[in-house]
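Okay, upload.cif is below, mmCIF, C-alpha atoms:
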```cif
data_run
loop_
_atom_site.group_PDB
_atom_site.id
_atom_site.type_symbol
_atom_site.label_atom_id
_atom_site.label_comp_id
_atom_site.auth_asym_id
_atom_site.auth_seq_id
_atom_site.Cartn_x
_atom_site.Cartn_y
_atom_site.Cartn_z
ATOM 1 C CA MET A 1 132.115 48.480 27.813
ATOM 2 C CA ILE A 2 135.404 46.840 26.857
ATOM 3 C CA THR A 3 137.669 48.593 24.334
ATOM 4 C CA LEU A 4 139.643 46.134 22.204
ATOM 5 C CA PRO A 5 143.043 46.703 20.557
ATOM 6 C CA VAL A 6 143.067 47.218 16.795
ATOM 7 C CA CYS A 7 145.086 45.159 14.326
ATOM 8 C CA THR A 8 146.560 47.453 11.648
ATOM 9 C CA ASP A 9 146.361 46.744 7.928
ATOM 10 C CA GLU A 10 150.132 46.336 7.816
ATOM 11 C CA GLU A 11 150.114 43.758 10.619
ATOM 12 C CA TRP A 12 147.303 41.866 8.926
ATOM 13 C CA GLU A 13 149.052 41.793 5.549
ATOM 14 C CA ASN A 14 152.339 40.662 7.101
ATOM 15 C CA ALA A 15 150.511 37.668 8.586
ATOM 16 C CA GLY A 16 148.982 36.748 5.228
ATOM 17 C CA ASP A 17 150.444 33.231 5.217
ATOM 18 C CA PHE A 18 149.208 32.368 8.708
ATOM 19 C CA LEU A 19 146.512 29.706 8.938
ATOM 20 C CA SER A 20 142.860 30.734 9.168
ATOM 21 C CA LYS A 21 139.670 28.815 9.916
ATOM 22 C CA SER A 22 138.788 28.852 6.227
ATOM 23 C CA ARG A 23 142.137 27.231 5.445
ATOM 24 C CA LEU A 24 141.499 24.564 8.061
ATOM 25 C CA SER A 25 138.075 23.884 6.563
ATOM 26 C CA LEU A 26 139.408 23.734 3.008
ATOM 27 C CA PHE A 27 142.221 21.364 3.968
ATOM 28 C CA GLN A 28 139.685 19.047 5.611
ATOM 29 C CA PHE A 29 137.555 19.229 2.478
ATOM 30 C CA CYS A 30 140.333 18.590 -0.041
ATOM 31 C CA GLY A 31 144.106 18.756 0.295
ATOM 32 C CA ILE A 32 144.603 19.266 -3.436
ATOM 33 C CA LYS A 33 142.282 22.255 -3.532
ATOM 34 C CA TYR A 34 144.141 23.680 -0.526
ATOM 35 C CA ARG A 35 147.457 23.303 -2.333
ATOM 36 C CA LYS A 36 146.181 24.941 -5.491
ATOM 37 C CA GLN A 37 144.527 27.842 -3.693
ATOM 38 C CA TYR A 38 147.082 28.655 -0.999
ATOM 39 C CA ILE A 39 150.405 27.121 -2.059
ATOM 40 C CA GLU A 40 150.396 27.352 -5.844
ATOM 41 C CA LYS A 41 147.877 30.230 -5.804
ATOM 42 C CA CYS A 42 146.496 29.162 -9.158
ATOM 43 C CA LEU A 43 142.878 28.666 -8.086
ATOM 44 C CA PRO A 44 141.041 32.007 -8.031
ATOM 45 C CA TYR A 45 138.247 32.682 -5.584
ATOM 46 C CA GLU A 46 134.850 32.236 -7.197
ATOM 47 C CA SER A 47 131.932 34.162 -5.772
ATOM 48 C CA SER A 48 128.604 32.358 -5.614
ATOM 49 C CA HIS A 49 125.055 33.592 -5.173
ATOM 50 C CA ALA A 50 125.070 32.343 -1.588
ATOM 51 C CA SER A 51 128.362 34.068 -0.764
ATOM 52 C CA SER A 52 127.104 37.330 -2.299
ATOM 53 C CA ILE A 53 123.967 37.200 -0.153
ATOM 54 C CA GLY A 54 126.093 36.498 2.914
ATOM 55 C CA LEU A 55 128.436 39.393 2.164
ATOM 56 C CA ARG A 56 125.577 41.860 1.722
ATOM 57 C CA TYR A 57 124.037 40.662 4.991
ATOM 58 C CA HIS A 58 127.349 41.088 6.824
ATOM 59 C CA GLN A 59 127.811 44.599 5.460
ATOM 60 C CA PHE A 60 124.294 45.658 6.361
ATOM 61 C CA MET A 61 124.498 44.312 9.899
ATOM 62 C CA GLU A 62 127.866 45.945 10.543
ATOM 63 C CA ILE A 63 126.549 49.365 9.548
ATOM 64 C CA PHE A 64 123.195 48.853 11.241
ATOM 65 C CA MET A 65 124.647 47.734 14.566
ATOM 66 C CA ALA A 66 127.075 50.658 14.590
ATOM 67 C CA VAL A 67 124.402 53.365 14.229
ATOM 68 C CA ALA A 68 121.051 51.884 15.312
ATOM 69 C CA HIS A 69 121.359 53.104 18.915
ATOM 70 C CA LYS A 70 121.262 56.697 17.641
ATOM 71 C CA TYR A 71 117.714 56.304 16.329
ATOM 72 C CA PRO A 72 114.366 55.258 17.823
ATOM 73 C CA THR A 73 113.638 51.566 17.352
ATOM 74 C CA GLU A 74 110.501 52.517 15.417
ATOM 75 C CA GLN A 75 112.762 53.748 12.610
ATOM 76 C CA TRP A 76 115.025 50.726 12.387
ATOM 77 C CA MET A 77 113.080 48.915 9.679
ATOM 78 C CA SER A 78 113.511 51.938 7.416
ATOM 79 C CA PHE A 79 117.241 51.165 7.297
ATOM 80 C CA ILE A 80 116.496 48.357 4.812
ATOM 81 C CA HIS A 81 117.237 49.913 1.434
ATOM 82 C CA PRO A 82 114.854 49.157 -1.478
ATOM 83 C CA ASP A 83 117.788 47.592 -3.350
ATOM 84 C CA PHE A 84 117.560 44.519 -1.124
ATOM 85 C CA ASN A 85 115.610 41.799 -2.922
ATOM 86 C CA GLU A 86 112.785 39.501 -1.857
ATOM 87 C CA GLU A 87 115.262 36.889 -0.664
ATOM 88 C CA GLU A 88 117.191 39.330 1.506
ATOM 89 C CA ARG A 89 114.415 41.430 3.039
ATOM 90 C CA PRO A 90 112.945 38.686 5.297
ATOM 91 C CA MET A 91 116.457 37.983 6.608
ATOM 92 C CA LEU A 92 117.028 41.633 7.487
ATOM 93 C CA GLU A 93 113.552 42.162 8.945
ATOM 94 C CA TRP A 94 113.950 39.135 11.208
ATOM 95 C CA SER A 95 117.390 40.342 12.305
ATOM 96 C CA ILE A 96 116.156 43.831 13.136
ATOM 97 C CA LYS A 97 113.240 42.452 15.161
ATOM 98 C CA ARG A 98 115.708 40.360 17.125
ATOM 99 C CA GLU A 99 117.947 43.376 17.753
ATOM 100 C CA ILE A 100 114.965 45.426 18.943
ATOM 101 C CA GLU A 101 114.301 42.737 21.536
ATOM 102 C CA ARG A 102 117.953 42.841 22.600
ATOM 103 C CA TYR A 103 117.893 46.623 22.882
ATOM 104 C CA ASN A 104 114.720 46.691 24.949
ATOM 105 C CA ALA A 105 116.096 44.035 27.274
ATOM 106 C CA ASN A 106 119.551 45.561 27.819
ATOM 107 C CA PRO A 107 120.281 48.905 26.071
ATOM 108 C CA LYS A 108 123.541 49.414 27.975
ATOM 109 C CA TYR A 109 125.203 46.480 26.233
ATOM 110 C CA PHE A 110 123.383 46.732 22.915
ATOM 111 C CA THR A 111 126.206 47.943 20.655
ATOM 112 C CA PRO A 112 128.820 45.233 19.928
ATOM 113 C CA ILE A 113 132.368 45.854 21.090
ATOM 114 C CA ALA A 114 133.739 44.636 17.748
ATOM 115 C CA PHE A 115 132.721 44.020 14.140
ATOM 116 C CA GLU A 116 134.824 42.021 11.678
ATOM 117 C CA TYR A 117 137.451 41.827 14.418
ATOM 118 C CA ARG A 118 140.918 40.789 13.233
ATOM 119 C CA ILE A 119 143.171 38.789 15.564
ATOM 120 C CA ILE A 120 146.707 37.502 14.937
ATOM 121 C CA ASP A 121 148.251 34.698 17.003
ATOM 122 C CA TYR A 122 151.987 35.007 16.345
ATOM 123 C CA GLU A 123 152.913 32.088 18.582
ATOM 124 C CA HIS A 124 150.936 29.528 16.579
ATOM 125 C CA LYS A 125 150.944 31.456 13.263
ATOM 126 C CA LEU A 126 147.165 31.766 13.123
ATOM 127 C CA ARG A 127 144.902 34.635 12.208
ATOM 128 C CA GLY A 128 141.152 35.146 11.968
ATOM 129 C CA ILE A 129 138.287 37.584 11.618
ATOM 130 C CA ILE A 130 135.383 37.297 14.038
ATOM 131 C CA ASP A 131 132.099 38.605 12.626
ATOM 132 C CA ARG A 132 130.965 40.231 15.830
ATOM 133 C CA ILE A 133 131.677 40.305 19.564
ATOM 134 C CA ASP A 134 129.001 41.416 22.028
ATOM 135 C CA GLN A 135 129.488 42.172 25.698
ATOM 136 C CA ASP A 136 126.458 40.736 27.465
ATOM 137 C CA ASP A 137 127.418 41.932 30.942
ATOM 138 C CA GLU A 138 130.490 42.848 32.974
ATOM 139 C CA ASN A 139 131.837 39.301 32.878
ATOM 140 C CA THR A 140 130.529 37.779 29.629
ATOM 141 C CA ILE A 141 131.287 38.182 25.940
ATOM 142 C CA ASN A 142 129.332 36.592 23.095
ATOM 143 C CA ILE A 143 131.302 35.583 19.998
ATOM 144 C CA ILE A 144 128.880 35.710 17.075
ATOM 145 C CA GLU A 145 129.188 34.098 13.670
ATOM 146 C CA TYR A 146 126.771 35.087 10.927
ATOM 147 C CA LYS A 147 125.678 32.258 8.631
ATOM 148 C CA SER A 148 123.150 32.519 5.813
ATOM 149 C CA THR A 149 123.370 28.885 4.709
ATOM 150 C CA GLN A 150 120.332 26.644 4.283
ATOM 151 C CA SER A 151 121.553 24.291 7.002
ATOM 152 C CA ILE A 152 123.662 24.439 10.157
ATOM 153 C CA ASN A 153 126.794 22.287 10.153
ATOM 154 C CA LYS A 154 127.397 21.621 13.836
ATOM 155 C CA GLN A 155 130.808 19.979 13.446
ATOM 156 C CA LYS A 156 132.164 22.745 11.206
ATOM 157 C CA LEU A 157 130.878 25.483 13.481
ATOM 158 C CA GLN A 158 132.359 23.859 16.566
ATOM 159 C CA MET A 159 135.688 23.783 14.728
ATOM 160 C CA GLU A 160 135.394 27.460 13.791
ATOM 161 C CA PHE A 161 134.564 28.471 17.358
ATOM 162 C CA GLY A 162 137.406 26.319 18.655
ATOM 163 C CA PHE A 163 139.716 28.241 16.353
ATOM 164 C CA TYR A 164 138.369 31.548 17.689
ATOM 165 C CA ASP A 165 138.779 30.298 21.249
ATOM 166 C CA ILE A 166 142.513 29.998 20.665
ATOM 167 C CA LEU A 167 142.759 33.408 18.996
ATOM 168 C CA LEU A 168 140.901 35.168 21.805
ATOM 169 C CA ASP A 169 143.611 34.132 24.254
ATOM 170 C CA CYS A 170 145.802 36.721 22.520
ATOM 171 C CA ILE A 171 143.565 39.604 23.659
ATOM 172 C CA ASP A 172 144.583 40.685 27.157
ATOM 173 C CA GLU A 173 141.445 42.802 27.564
ATOM 174 C CA LEU A 174 139.293 39.656 27.383
ATOM 175 C CA GLN A 175 141.181 37.526 29.867
ATOM 176 C CA GLY A 176 138.946 36.183 32.620
ATOM 177 C CA MET A 177 135.762 36.872 30.677
ATOM 178 C CA LYS A 178 133.235 34.080 30.164
ATOM 179 C CA ARG A 179 132.832 33.248 26.478
ATOM 180 C CA ILE A 180 129.593 32.309 24.750
ATOM 181 C CA TYR A 181 129.596 31.176 21.113
ATOM 182 C CA THR A 182 126.541 31.888 18.996
ATOM 183 C CA VAL A 183 125.469 31.413 15.382
ATOM 184 C CA ILE A 184 122.909 33.788 13.907
ATOM 185 C CA ASN A 185 121.312 32.383 10.763
ATOM 186 C CA PRO A 186 118.788 34.852 9.299
ATOM 187 C CA ARG A 187 117.834 32.564 6.445
ATOM 188 C CA LEU A 188 116.675 29.871 8.872
ATOM 189 C CA GLN A 189 115.691 32.537 11.429
ATOM 190 C CA LYS A 190 117.599 30.701 14.123
ATOM 191 C CA VAL A 191 119.999 31.629 16.914
ATOM 192 C CA VAL A 192 122.034 28.636 18.095
ATOM 193 C CA SER A 193 124.712 28.370 20.785
ATOM 194 C CA PHE A 194 127.654 25.998 20.422
ATOM 195 C CA ASN A 195 130.497 24.693 22.495
ATOM 196 C CA PRO A 196 133.833 25.138 20.689
ATOM 197 C CA SER A 197 135.911 22.128 19.674
ATOM 198 C CA ARG A 198 138.677 21.134 22.058
ATOM 199 C CA ARG A 199 141.886 23.044 21.553
ATOM 200 C CA SER A 200 143.811 19.802 21.157
ATOM 201 C CA THR A 201 141.548 18.954 18.206
ATOM 202 C CA ILE A 202 142.207 22.322 16.547
ATOM 203 C CA PHE A 203 145.965 22.101 17.081
ATOM 204 C CA LYS A 204 145.927 18.595 15.591
ATOM 205 C CA LYS A 205 144.268 19.968 12.445
ATOM 206 C CA VAL A 206 146.753 22.835 12.322
ATOM 207 C CA GLN A 207 149.697 20.462 12.644
ATOM 208 C CA ALA A 208 148.318 18.288 9.840
ATOM 209 C CA ILE A 209 148.499 21.276 7.484
ATOM 210 C CA TYR A 210 152.027 22.173 8.557
ATOM 211 C CA ASP A 211 153.077 18.547 8.009
ATOM 212 C CA ALA A 212 151.478 18.484 4.560
ATOM 213 C CA ILE A 213 153.293 21.683 3.593
ATOM 214 C CA GLU A 214 156.639 20.476 4.944
ATOM 215 C CA ASN A 215 156.405 17.055 3.286
ATOM 216 C CA ASN A 216 154.551 18.211 0.175
ATOM 217 C CA GLU A 217 151.853 15.590 0.769
ATOM 218 C CA PHE A 218 148.350 16.698 -0.117
ATOM 219 C CA ARG A 219 145.634 14.102 -0.518
ATOM 220 C CA PRO A 220 142.522 14.574 -2.634
ATOM 221 C CA ALA A 221 139.080 14.257 -1.123
ATOM 222 C CA CYS A 222 137.507 13.171 -4.389
ATOM 223 C CA GLY A 223 137.419 9.623 -5.683
ATOM 224 C CA LEU A 224 137.357 7.721 -8.959
ATOM 225 C CA ASP A 225 134.060 6.445 -10.341
ATOM 226 C CA VAL A 226 135.182 3.189 -11.937
ATOM 227 C CA ASP A 227 132.117 3.056 -14.209
ATOM 228 C CA THR A 228 132.523 6.493 -15.757
ATOM 229 C CA PHE A 229 136.195 7.167 -14.960
ATOM 230 C CA THR A 230 135.326 10.597 -13.635
ATOM 231 C CA LEU A 231 136.352 12.180 -10.393
ATOM 232 C CA GLY A 232 133.749 13.079 -7.842
ATOM 233 C CA TYR A 233 132.690 13.265 -4.253
ATOM 234 C CA ALA A 234 130.003 11.166 -2.665
ATOM 235 C CA THR A 235 127.313 13.665 -3.708
ATOM 236 C CA SER A 236 128.831 15.721 -6.533
ATOM 237 C CA PHE A 237 131.582 15.886 -9.120
ATOM 238 C CA CYS A 238 134.909 17.631 -8.790
ATOM 239 C CA SER A 239 136.150 20.155 -11.347
ATOM 240 C CA ILE A 240 139.421 20.866 -9.538
ATOM 241 C CA CYS A 241 141.580 17.805 -10.195
ATOM 242 C CA SER A 242 142.263 15.504 -13.108
ATOM 243 C CA LEU A 243 143.273 11.859 -12.926
ATOM 244 C CA GLU A 244 146.766 12.841 -14.014
ATOM 245 C CA GLU A 245 147.064 15.378 -11.209
ATOM 246 C CA ILE A 246 145.967 12.917 -8.561
ATOM 247 C CA ALA A 247 148.578 10.479 -9.815
ATOM 248 C CA GLU A 248 151.206 13.232 -9.872
ATOM 249 C CA TYR A 249 150.448 14.527 -6.394
ATOM 250 C CA ASN A 250 149.807 11.228 -4.632
ATOM 251 C CA GLY A 251 150.770 8.319 -6.837
ATOM 252 C CA LEU A 252 147.140 7.209 -6.727
ATOM 253 C CA ILE A 253 145.313 5.747 -9.710
ATOM 254 C CA ASN A 254 142.347 3.896 -8.250
ATOM 255 C CA TYR A 255 141.544 6.166 -5.356
ATOM 256 C CA ARG A 256 137.904 5.687 -4.407
ATOM 257 C CA VAL A 257 135.329 7.455 -2.288
ATOM 258 C CA GLN A 258 135.153 5.696 1.043
#
```
Would you mind writing the file out in structure tokens?
Amino acid sequence: MITLPVCTDEEWENAGDFLSKSRLSLFQFCGIKYRKQYIEKCLPYESSHASSIGLRYHQFMEIFMAVAHKYPTEQWMSFIHPDFNEEERPMLEWSIKREIERYNANPKYFTPIAFEYRIIDYEHKLRGIIDRIDQDDENTINIIEYKSTQSINKQKLQMEFGFYDILLDCIDELQGMKRIYTVINPRLQKVVSFNPSRRSTIFKKVQAIYDAIENNEFRPACGLDVDTFTLGYATSFCSICSLEEIAEYNGLINYRVQ
């Protein structure tokens, strides 16, 4: 089994302003929200029910995968604490059944080589945390992303895996290994493989953020409803920006959803 280098807390904190996949996603969603959250730092993180469920799932799976091999598979279901609710239990039960199948098929490579693995790319000023990395055999690693959403966004996931593909080049121990990219969604009870976005596409997105920061040009994703004079997206309303702010940031008054 491969042993990976560890990023220290100090190294991680010192790279706090480096770009992450969540920053890339937010910038694509709305430049103004990106500016408020990461430049002005005046937009606090708001936890949602979905994010809380996802966090609890991540925490359970990290602990479970680290210790499960020490116990008979017949006991694995007992790891699900009674505090987990009716929404969470089916997700965990499905996940454990899947891991039992993995263990029975290949116990040697059952335990992941990394959980919540932090990587810093100093050359491109990027950093990221990979949910889990499995070693499937001597020549193959599986980069796993946990998602508990009610749908699978192929384009977004390809972007995220493309971002990871760049970061993994920084790990000498993984050079020459074949990479597989997999999404595990316990809510949908699906395991889906993806090809990562092209590196040129990721670097183009990264450069767009650097250009926006350098030139102080952040565009809103929301538009103006000319009937109600409210700001909104194609499917929902925006509570981040005001008309005055859009005008201030971009000189736009009649910016519309395209």
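Between Asn85 in chain A and the residues A:Lys33, A:Ser151, A:Ile53, A:Thr201, the shortest atom-to-atom distance, using all atoms listed in the file, involves A:Ile53.
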Could you name the residues that touch Met91 in chain A at 9 Å or less, counting only C-alpha atoms, but leaving out those on the same chain fewer than 5 positions away, as a PyMOL selection string?
chain A and resi 57+96+148+185-189
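Residues with any atom within 7 Å of range 108-118 of chain A, counting only C-alpha atoms and excluding same-chain neighbours fewer than 6 positions away, are Ile2, Thr3, Cys7, Glu62, Met65, Ala66, Arg102, Gly128, Ile129, Ile130, Asp131, Arg132, Ile133, Asp134, Gln135, Asp136 and Asp137 of chain A.
The space between CA of Val191 in chain A and CA of Arg179 in chain A spans 16.1 Å.
Relative to CA of Ala68 in chain A, CA of Glu93 in chain A is found at 13.8 Å.
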Check what the PyMOL selection byres ((chain A and resi 164) around 12) selects in the file above and give those residues as a PyMOL selection string.
chain A and resi 20-22+117-121+126-133+142-145+157-163+165-171+179-182+195-199+202
Emit the selected residues as a PDB file, in the frame of the given file, including C-alpha atoms.
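Listing of out_0.pdb after writing:
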```
ATOM      1  CA  SER A  20     142.860  30.734   9.168  1.00  0.00           C
ATOM      2  CA  LYS A  21     139.670  28.815   9.916  1.00  0.00           C
ATOM      3  CA  SER A  22     138.788  28.852   6.227  1.00  0.00           C
ATOM      4  CA  TYR A 117     137.451  41.827  14.418  1.00  0.00           C
ATOM      5  CA  ARG A 118     140.918  40.789  13.233  1.00  0.00           C
ATOM      6  CA  ILE A 119     143.171  38.789  15.564  1.00  0.00           C
ATOM      7  CA  ILE A 120     146.707  37.502  14.937  1.00  0.00           C
ATOM      8  CA  ASP A 121     148.251  34.698  17.003  1.00  0.00           C
ATOM      9  CA  LEU A 126     147.165  31.766  13.123  1.00  0.00           C
ATOM     10  CA  ARG A 127     144.902  34.635  12.208  1.00  0.00           C
ATOM     11  CA  GLY A 128     141.152  35.146  11.968  1.00  0.00           C
ATOM     12  CA  ILE A 129     138.287  37.584  11.618  1.00  0.00           C
ATOM     13  CA  ILE A 130     135.383  37.297  14.038  1.00  0.00           C
ATOM     14  CA  ASP A 131     132.099  38.605  12.626  1.00  0.00           C
ATOM     15  CA  ARG A 132     130.965  40.231  15.830  1.00  0.00           C
ATOM     16  CA  ILE A 133     131.677  40.305  19.564  1.00  0.00           C
ATOM     17  CA  ASN A 142     129.332  36.592  23.095  1.00  0.00           C
ATOM     18  CA  ILE A 143     131.302  35.583  19.998  1.00  0.00           C
ATOM     19  CA  ILE A 144     128.880  35.710  17.075  1.00  0.00           C
ATOM     20  CA  GLU A 145     129.188  34.098  13.670  1.00  0.00           C
ATOM     21  CA  LEU A 157     130.878  25.483  13.481  1.00  0.00           C
ATOM     22  CA  GLN A 158     132.359  23.859  16.566  1.00  0.00           C
ATOM     23  CA  MET A 159     135.688  23.783  14.728  1.00  0.00           C
ATOM     24  CA  GLU A 160     135.394  27.460  13.791  1.00  0.00           C
ATOM     25  CA  PHE A 161     134.564  28.471  17.358  1.00  0.00           C
ATOM     26  CA  GLY A 162     137.406  26.319  18.655  1.00  0.00           C
ATOM     27  CA  PHE A 163     139.716  28.241  16.353  1.00  0.00           C
ATOM     28  CA  ASP A 165     138.779  30.298  21.249  1.00  0.00           C
ATOM     29  CA  ILE A 166     142.513  29.998  20.665  1.00  0.00           C
ATOM     30  CA  LEU A 167     142.759  33.408  18.996  1.00  0.00           C
ATOM     31  CA  LEU A 168     140.901  35.168  21.805  1.00  0.00           C
ATOM     32  CA  ASP A 169     143.611  34.132  24.254  1.00  0.00           C
ATOM     33  CA  CYS A 170     145.802  36.721  22.520  1.00  0.00           C
ATOM     34  CA  ILE A 171     143.565  39.604  23.659  1.00  0.00           C
ATOM     35  CA  ARG A 179     132.832  33.248  26.478  1.00  0.00           C
ATOM     36  CA  ILE A 180     129.593  32.309  24.750  1.00  0.00           C
ATOM     37  CA  TYR A 181     129.596  31.176  21.113  1.00  0.00           C
ATOM     38  CA  THR A 182     126.541  31.888  18.996  1.00  0.00           C
ATOM     39  CA  ASN A 195     130.497  24.693  22.495  1.00  0.00           C
ATOM     40  CA  PRO A 196     133.833  25.138  20.689  1.00  0.00           C
ATOM     41  CA  SER A 197     135.911  22.128  19.674  1.00  0.00           C
ATOM     42  CA  ARG A 198     138.677  21.134  22.058  1.00  0.00           C
ATOM     43  CA  ARG A 199     141.886  23.044  21.553  1.00  0.00           C
ATOM     44  CA  ILE A 202     142.207  22.322  16.547  1.00  0.00           C
TER      45      ILE A 202
END
```
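CA of Lys204 in chain A to CA of Leu19 in chain A spans 13.0 Å [interatomic distance, one decimal].
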Incomplete range 122-138 of chain A brought to N, CA and C atoms, written out as an mmCIF file, in the coordinates of the input:
```
data_model
loop_
_atom_site.group_PDB
_atom_site.id
_atom_site.type_symbol
_atom_site.label_atom_id
_atom_site.label_comp_id
_atom_site.auth_asym_id
_atom_site.auth_seq_id
_atom_site.Cartn_x
_atom_site.Cartn_y
_atom_site.Cartn_z
ATOM 1 N N TYR A 122 150.635 35.166 16.877
ATOM 2 C CA TYR A 122 151.987 35.007 16.345
ATOM 3 C C TYR A 122 152.644 33.726 16.835
ATOM 4 N N GLU A 123 152.291 33.294 18.026
ATOM 5 C CA GLU A 123 152.913 32.088 18.582
ATOM 6 C C GLU A 123 152.607 30.860 17.737
ATOM 7 N N HIS A 124 151.340 30.706 17.342
ATOM 8 C CA HIS A 124 150.936 29.528 16.579
ATOM 9 C C HIS A 124 150.764 29.810 15.091
ATOM 10 N N LYS A 125 151.065 31.035 14.665
ATOM 11 C CA LYS A 125 150.944 31.456 13.263
ATOM 12 C C LYS A 125 149.516 31.232 12.750
ATOM 13 N N LEU A 126 148.575 31.833 13.483
ATOM 14 C CA LEU A 126 147.165 31.766 13.123
ATOM 15 C C LEU A 126 146.617 33.184 13.037
ATOM 16 N N ARG A 127 145.588 33.350 12.236
ATOM 17 C CA ARG A 127 144.902 34.635 12.208
ATOM 18 C C ARG A 127 143.440 34.409 11.843
ATOM 19 N N GLY A 128 142.561 35.325 12.259
ATOM 20 C CA GLY A 128 141.152 35.146 11.968
ATOM 21 C C GLY A 128 140.374 36.433 12.133
ATOM 22 N N ILE A 129 139.191 36.442 11.519
ATOM 23 C CA ILE A 129 138.287 37.584 11.618
ATOM 24 C C ILE A 129 136.977 37.102 12.235
ATOM 25 N N ILE A 130 136.628 37.654 13.354
ATOM 26 C CA ILE A 130 135.383 37.297 14.038
ATOM 27 C C ILE A 130 134.294 38.278 13.600
ATOM 28 N N ASP A 131 133.164 37.752 13.158
ATOM 29 C CA ASP A 131 132.099 38.605 12.626
ATOM 30 C C ASP A 131 131.677 39.680 13.616
ATOM 31 N N ARG A 132 131.508 39.278 14.854
ATOM 32 C CA ARG A 132 130.965 40.231 15.830
ATOM 33 C C ARG A 132 131.233 39.722 17.240
ATOM 34 N N ILE A 133 131.519 40.643 18.156
ATOM 35 C CA ILE A 133 131.677 40.305 19.564
ATOM 36 C C ILE A 133 130.786 41.231 20.377
ATOM 37 N N ASP A 134 129.862 40.655 21.121
ATOM 38 C CA ASP A 134 129.001 41.416 22.028
ATOM 39 C C ASP A 134 129.519 41.277 23.456
ATOM 40 N N GLN A 135 129.273 42.286 24.258
ATOM 41 C CA GLN A 135 129.488 42.172 25.698
ATOM 42 C C GLN A 135 128.121 42.095 26.345
ATOM 43 N N ASP A 136 127.789 40.938 26.892
ATOM 44 C CA ASP A 136 126.458 40.736 27.465
ATOM 45 C C ASP A 136 126.311 41.336 28.852
ATOM 46 N N ASP A 137 127.402 41.309 29.616
ATOM 47 C CA ASP A 137 127.418 41.932 30.942
ATOM 48 C C ASP A 137 128.871 42.176 31.321
ATOM 49 N N GLU A 138 129.127 42.511 32.566
ATOM 50 C CA GLU A 138 130.490 42.848 32.974
ATOM 51 C C GLU A 138 131.462 41.688 32.816
#
```
